[in-house]
Amino acid sequence: MNQLRAILLRREAGIAVMIVLFCLAVGVVKPNFLTLNGLRIILLLVPLVMIAAMGQMMVLIARHVDLSIGSTLGFAAMVTGMMFRDMPEIWWPLGFAVAIGTGTLLGLFNGVLITAFRLPSIIVTLGTLNLYRGLTFIISDARQVDRQYIPSALKAMSQTSPIFGIPWIIFMAFGVALLTYWFVMHTRVGRQIYALGSNPEAAPLRGISTNRVTILVFALSGALAGLAGIMYASRWGFVNPSNTGYGFEFQVIAAVVIGGVSINGGVGTVLGTILGVLLLGCVGAALPFLGIPGTSQNAIFGAVILIALLIDRSVRSRGIAPLSLGRKRT
Amino acid sequence: MTESTTTSMQAREIVKARPAWHVMLVRPELMTFILLVIGIYVGSLLSPFFLDVNYILRSFTLTAELSIAALVLTMVIISGEIDLSAAANMALSAAIFAYVQAAGVPMPIAIAAGLLAGLAMGALNALMVIRFQLPSIIVTIGTLIFYRGLAQVIAGDRSIRVPDWFIGVNNVLIADIPLPVIIFVLVAIVLAIVLGTTTIGRQIYQIGTNPIAAKHAGIKSNQIKVGLFLTLGLVSAVGGLMTASRLGSVRYDIALGGELQMVLMAMLGGTYIFGGRGTILGTFLAAWLLVIVSTGMTVANLLPAIQLTVLGVLLVVAIIATNFIYSRTQR
């Protein structure tokens with residue numbers, strides 16, 4: 001009985017209940033929503049956000065924030081897309097290595113700037129958000145990589161399914177989530193991320209290298225954004241210098257914050273993040289069913305973030321120093 | 001007795017005060033000023049337009065709205081908070097104004113509605129940050145999306161026209177100077193006096209330098225911060241209306257990405273991102289510097305995307321430089 005109570009009191013249970021209630025409410029108005037087709041629409045909205053959300057979750061747990069992931073996604077997708085266009089005979093799975101590698105480099109650049117000069121991550125990544133987006137235009141000469149250049153095997157990953165009609169990229173997203181779970185819960189470095197975010201002053205006293213962990217979370221966030229980049233090419237079949245990944249960071253931050261990852265660092269679970277992504281996916285999928293125009297999507301996302309912040313505030317324990325712009329240099 | 005006084009005086013003299021010229025010159029605003037001079041020089045090599053004051057003044061009207069809001073944002077950053085939602089506020093207040101007047105409401109009421117909306121947005125930020133004690137960086141990312149999203153709901157994908165007489169604030173010349181530039185200079189002077197000479201101004205620095213000491217000194221930090229958020233909300237709304245007047249119509253994406261430029265102006269002007277330091281003069285100079293840089297890039301025929309890259313690099317370089325200067329001139 002107590003165990004049941006403990007499960008029900010967890011943050012994740014609350015989000016799960018919200019997902020079920022929301023879907024039922026939409027289903028009452030529009031019964032089509034609760035069919036397999038509706039489920040398919042939800043699941044296809046989810047994988048890109050879920051993969052990037054795993055990276056953002058680790059960044060937030062370490063008491064930082066990464067605003068540059070949308071541009072990182074765009075840049076990595078563009079590099080990969082241009083490779084497919086200019087070297088058509090290349091073995092296509094190599095695109096994954098290129099996309100992830102590019103993303104990792106951009107993430108490393110963020111991490112090194114933040115640690116070497118002790119700068120607040122929000123300002124650095126606001127700068128690199130624009131920097132990477134501009135670089136995407138420069139390398140691509142402001143031209144889109146069109147549909148015919150993306151390998152059909154890659155595009156097929158979003159359509160064909162190994163089992164139950166669920167496309168490959170959804171399995172990949174959940175695979176990344178599982179790996180992240182193992183990494184943050186069962187490896188020494190993963191636990192150090194929590195230690196750093198819980199108390200940045202105490203972490204170095206326990207022998208944790210603050211800089212190394214910080215650089216690592218930004219590199220991982222960049223790598224996962226890069227992976228999301230090639231999956232964007234798979235899902236949509238083109239890479240556009242201005243659209244690809246634009247505003248993506250806001251969806252991801254919204255999903256992670258809804259999933260109960262604390263903006264004060266040190267708190268957050270993979271399960272919560274998955275549920276946050278799913279809730280956002282349900283909201284996104286329900287809008288067209290309810291006849292709400294797509295233009296209101298951002299307002300709803302913004303409102304959801306603010307509400308999630310207030311919920312986070314009402315449940316968080318006292319005495320934790322709030323996330324600030326960083327530590328003052330004295 | 002006398003001996004102890006002398007020792008204490010000697011002890012005081014051991015820590016030498018920085019010489020006056022050092023205090024005057026080794027400061028971030030000087031960096032901004034030198035960059036400004038270099039910018040004008042390089043620009044004049046690129047194109048003779050740069051020595052034409054009227055051309056520069058006209059170019060300034062393109063970013064005047066953002067610059068005006070950046071002056072208030074400077075004070076917000078000095079007090080230890082930040083507001084990334086000001087550009088989205090411009091879009092939403094302009095959209096509300098345009099929507100209301102297009103519905104046939106008399107213009108004065110429509111203008112008031114736009115300004116009130118801006119004030120309300122500032123109030124929502126203040127409510128979340130002060131009342132609920134949430135960090136301003138995350139809150140204003142949330143409100144940035146929310147305000148911009150609401151503007152999108154109101155304006156949709158179309159542009160709403162404003163009446164002909166309302167169009168063209170940037171073409172109004174007073175003594176050959178465009179009105180937005182005059183407004184910018186006046187706001188800068190008023191804010192510089194408030195920040196530099198009044199009690200509240202000095203208290204803003206103290207809140208940003210050490211919030212706990214400020215509290216013990218009896219400074220009403222919360223009231224001052226609420227005041228700053230409200231002022232920024234209102235000034236952003238004014239900026240939104242000026243943008244509407246300059247463009248002649250309102251779309252949801254006006255001032256898109258403006259938060260980068262505003263933060264950039266404050267950082268280039270030497271405002272310390274952790275609060276407690278910075279001046280209106282710095283942001284004032286940085287606003288002109290940015291105009292020179294972006295005009296130079298336009299004259300040099302650079303793509304807007306490359307200009308974006310340059311702005312991103314500038315932001316990172318500016319904050320590294322200011323942090324460096326401040327670490328050298330610590331008390």
# chains A, B, ... in the order shown; residues from 1 in each chain; ligands from 1

call {"tool": "residues_around", "arguments": {"residues": "stretch 144-147 of chain A", "least_positions_apart": "5", "cutoff": "9 Å", "atoms": "only C-alpha atoms", "output": "VMD selection string"}}
result
chain A and resid 78 81 to 82 85 233 236 to 242

call {"tool": "write_last_selection", "arguments": {"atoms": "C-alpha atoms", "output": "mmCIF file, in the first residue's frame"}}
result
data_model
loop_
_atom_site.group_PDB
_atom_site.id
_atom_site.type_symbol
_atom_site.label_atom_id
_atom_site.label_comp_id
_atom_site.auth_asym_id
_atom_site.auth_seq_id
_atom_site.Cartn_x
_atom_site.Cartn_y
_atom_site.Cartn_z
ATOM 1 C CA MET A 78 23.022 20.438 -43.532
ATOM 2 C CA GLY A 81 22.663 16.465 -46.481
ATOM 3 C CA MET A 82 25.401 18.186 -48.494
ATOM 4 C CA ARG A 85 24.304 15.454 -52.407
ATOM 5 C CA ALA A 233 16.507 14.468 -42.994
ATOM 6 C CA TRP A 236 11.093 15.179 -43.773
ATOM 7 C CA GLY A 237 13.353 14.237 -46.682
ATOM 8 C CA PHE A 238 14.980 17.655 -47.120
ATOM 9 C CA VAL A 239 17.287 20.046 -45.277
ATOM 10 C CA ASN A 240 16.548 23.755 -45.413
ATOM 11 C CA PRO A 241 19.016 26.309 -44.023
ATOM 12 C CA SER A 242 16.373 28.519 -42.415
#

call {"tool": "residues_around", "arguments": {"residues": "B:Val172", "least_positions_apart": "2", "cutoff": "12 Å", "atoms": "only C-alpha atoms", "output": "number ranges by chain"}}
result
B: 58, 61, 165-170, 174-183, 242, 245-246

call {"tool": "write_last_selection", "arguments": {"atoms": "C-alpha atoms", "output": "PDB file, in the first residue's frame"}}
result
ATOM      1  CA  ARG B  58      18.664  57.047 -41.103  1.00  0.00           C
ATOM      2  CA  THR B  61      16.087  54.299 -37.195  1.00  0.00           C
ATOM      3  CA  TRP B 165      -1.268  59.019 -40.769  1.00  0.00           C
ATOM      4  CA  PHE B 166       0.287  56.680 -38.217  1.00  0.00           C
ATOM      5  CA  ILE B 167       2.931  55.448 -40.656  1.00  0.00           C
ATOM      6  CA  GLY B 168       6.424  56.857 -40.816  1.00  0.00           C
ATOM      7  CA  VAL B 169       7.712  57.879 -37.395  1.00  0.00           C
ATOM      8  CA  ASN B 170      11.179  57.337 -38.839  1.00  0.00           C
ATOM      9  CA  ILE B 174      13.199  67.508 -36.110  1.00  0.00           C
ATOM     10  CA  ALA B 175      16.152  69.734 -36.997  1.00  0.00           C
ATOM     11  CA  ASP B 176      17.142  67.143 -39.620  1.00  0.00           C
ATOM     12  CA  ILE B 177      17.306  64.379 -37.021  1.00  0.00           C
ATOM     13  CA  PRO B 178      14.827  61.466 -37.248  1.00  0.00           C
ATOM     14  CA  LEU B 179      12.388  61.347 -34.326  1.00  0.00           C
ATOM     15  CA  PRO B 180      13.361  57.804 -33.177  1.00  0.00           C
ATOM     16  CA  VAL B 181      16.960  58.952 -32.748  1.00  0.00           C
ATOM     17  CA  ILE B 182      15.804  61.910 -30.653  1.00  0.00           C
ATOM     18  CA  ILE B 183      13.645  59.638 -28.507  1.00  0.00           C
ATOM     19  CA  MET B 242       7.246  52.613 -33.260  1.00  0.00           C
ATOM     20  CA  SER B 245       4.669  52.958 -37.517  1.00  0.00           C
ATOM     21  CA  ARG B 246       7.982  52.448 -39.304  1.00  0.00           C
TER      22      ARG B 246
END

call {"tool": "select_by_dssp", "arguments": {"residues": "stretch 55-254 of chain A", "states": "alpha helix (DSSP H)", "output": "VMD selection string"}}
result
chain A and resid 55 to 61 69 to 86 94 to 116 121 to 140 152 to 156 168 to 186 188 to 198 202 to 205 210 to 236 248 to 254

call {"tool": "interface_residues", "arguments": {"of": "chain B", "to": "chain A", "cutoff": "6 Å", "atoms": "only C-alpha atoms", "output": "PDB file with C-alpha atoms, in the first residue's frame"}}
result
ATOM      1  CA  GLY B 142       8.954  30.844 -21.438  1.00  0.00           C
ATOM      2  CA  ILE B 145       7.643  31.841 -26.626  1.00  0.00           C
ATOM      3  CA  PHE B 146       4.282  32.651 -25.052  1.00  0.00           C
ATOM      4  CA  GLY B 149       2.943  32.696 -29.885  1.00  0.00           C
ATOM      5  CA  LEU B 150       0.049  34.961 -28.822  1.00  0.00           C
ATOM      6  CA  GLN B 152       0.959  34.677 -33.960  1.00  0.00           C
ATOM      7  CA  VAL B 153      -2.535  33.768 -32.765  1.00  0.00           C
ATOM      8  CA  ALA B 305      22.730  35.125 -42.540  1.00  0.00           C
ATOM      9  CA  ILE B 306      26.391  36.064 -42.424  1.00  0.00           C
ATOM     10  CA  LEU B 308      23.737  36.842 -37.997  1.00  0.00           C
ATOM     11  CA  THR B 309      27.008  34.938 -37.633  1.00  0.00           C
ATOM     12  CA  GLY B 312      26.720  35.828 -32.647  1.00  0.00           C
ATOM     13  CA  LEU B 315      28.204  38.579 -28.437  1.00  0.00           C
TER      14      LEU B 315
END

call {"tool": "residues_around", "arguments": {"residues": "A:Gly207", "least_positions_apart": "6", "cutoff": "12 Å", "atoms": "only C-alpha atoms", "output": "list in words"}}
result
Arg188, Val189, Gln192, Ala195, Leu196, Pro200, Glu201 and Val213 of chain A

call {"tool": "residues_around", "arguments": {"residues": "B:Ala151", "least_positions_apart": "4", "cutoff": "10 Å", "atoms": "only C-alpha atoms", "output": "NGL selection string"}}
result
(:A and (295-296 or 298-299)) or (:B and (88-96 or 145-147 or 155-156 or 250-254))

call {"tool": "write_last_selection", "arguments": {"atoms": "C-alpha atoms", "output": "CSV table (one decimal), in the first residue's frame"}}
result
chain,number,residue,atom,x,y,z
A,295,THR,CA,-0.4,29.2,-35.5
A,296,SER,CA,-1.5,28.8,-31.9
A,298,ASN,CA,3.7,28.3,-29.9
A,299,ALA,CA,1.4,30.2,-27.6
B,88,ALA,CA,8.5,39.2,-28.2
B,89,ASN,CA,6.7,41.9,-26.1
B,90,MET,CA,7.2,44.4,-29.0
B,91,ALA,CA,5.5,41.9,-31.4
B,92,LEU,CA,2.6,41.2,-29.2
B,93,SER,CA,1.9,44.7,-28.1
B,94,ALA,CA,2.1,45.9,-31.7
B,95,ALA,CA,-0.2,43.0,-32.8
B,96,ILE,CA,-2.8,43.9,-30.1
B,145,ILE,CA,7.6,31.8,-26.6
B,146,PHE,CA,4.3,32.7,-25.1
B,147,TYR,CA,4.2,36.3,-26.2
B,155,ALA,CA,-2.0,38.3,-36.4
B,156,GLY,CA,-1.9,34.8,-38.0
B,250,VAL,CA,2.2,44.5,-38.2
B,251,ARG,CA,3.2,40.9,-38.5
B,252,TYR,CA,3.8,38.4,-35.7
B,253,ASP,CA,7.5,38.2,-36.6
B,254,ILE,CA,8.5,41.9,-36.1

call {"tool": "select_by_dssp", "arguments": {"residues": "stretch 64-311 of chain B", "states": "strand (DSSP E or B)", "output": "ChimeraX atom specification"}}
result
/B:160-161,173-174,177-178,249-250

call {"tool": "residues_around", "arguments": {"residues": "stretch 9-26 of chain A", "least_positions_apart": "3", "cutoff": "7 Å", "atoms": "only C-alpha atoms", "output": "compact mmCIF listing (two decimals) with N, CA and C atoms, in the first residue's frame"}}
result
# COMPACT_ATOMS: atom_id res chain seq x y z
N ARG A 5 1.37 4.11 -2.86
CA ARG A 5 1.27 5.52 -2.53
C ARG A 5 2.50 6.28 -3.04
N ALA A 6 3.69 5.68 -2.80
CA ALA A 6 4.92 6.33 -3.20
C ALA A 6 4.97 6.50 -4.72
N VAL A 29 -14.30 14.40 -27.66
CA VAL A 29 -14.74 15.38 -28.66
C VAL A 29 -14.57 14.81 -30.07
N LYS A 30 -13.40 14.23 -30.33
CA LYS A 30 -13.10 13.70 -31.66
C LYS A 30 -12.65 12.24 -31.53
N PHE A 33 -9.34 10.50 -32.68
CA PHE A 33 -8.04 10.73 -32.06
C PHE A 33 -7.53 9.47 -31.38
N GLY A 260 9.51 17.42 -15.47
CA GLY A 260 9.92 17.46 -14.08
C GLY A 260 11.41 17.61 -13.86
N GLY A 272 10.55 10.73 -16.65
CA GLY A 272 9.83 12.00 -16.64
C GLY A 272 9.99 12.73 -17.96
N LEU A 275 7.90 11.17 -20.65
CA LEU A 275 6.48 11.51 -20.48
C LEU A 275 6.23 12.96 -20.88
N LEU A 279 3.61 14.07 -23.63
CA LEU A 279 2.51 15.00 -23.37
C LEU A 279 2.50 16.11 -24.41
N ALA A 286 -3.06 16.83 -31.13
CA ALA A 286 -4.49 17.06 -30.92
C ALA A 286 -4.97 18.33 -31.60

call {"tool": "atom_distance", "arguments": {"atom1": "atom CA of A:Gln159", "atom2": "atom CA of A:Arg40"}}
result
11.0 Å
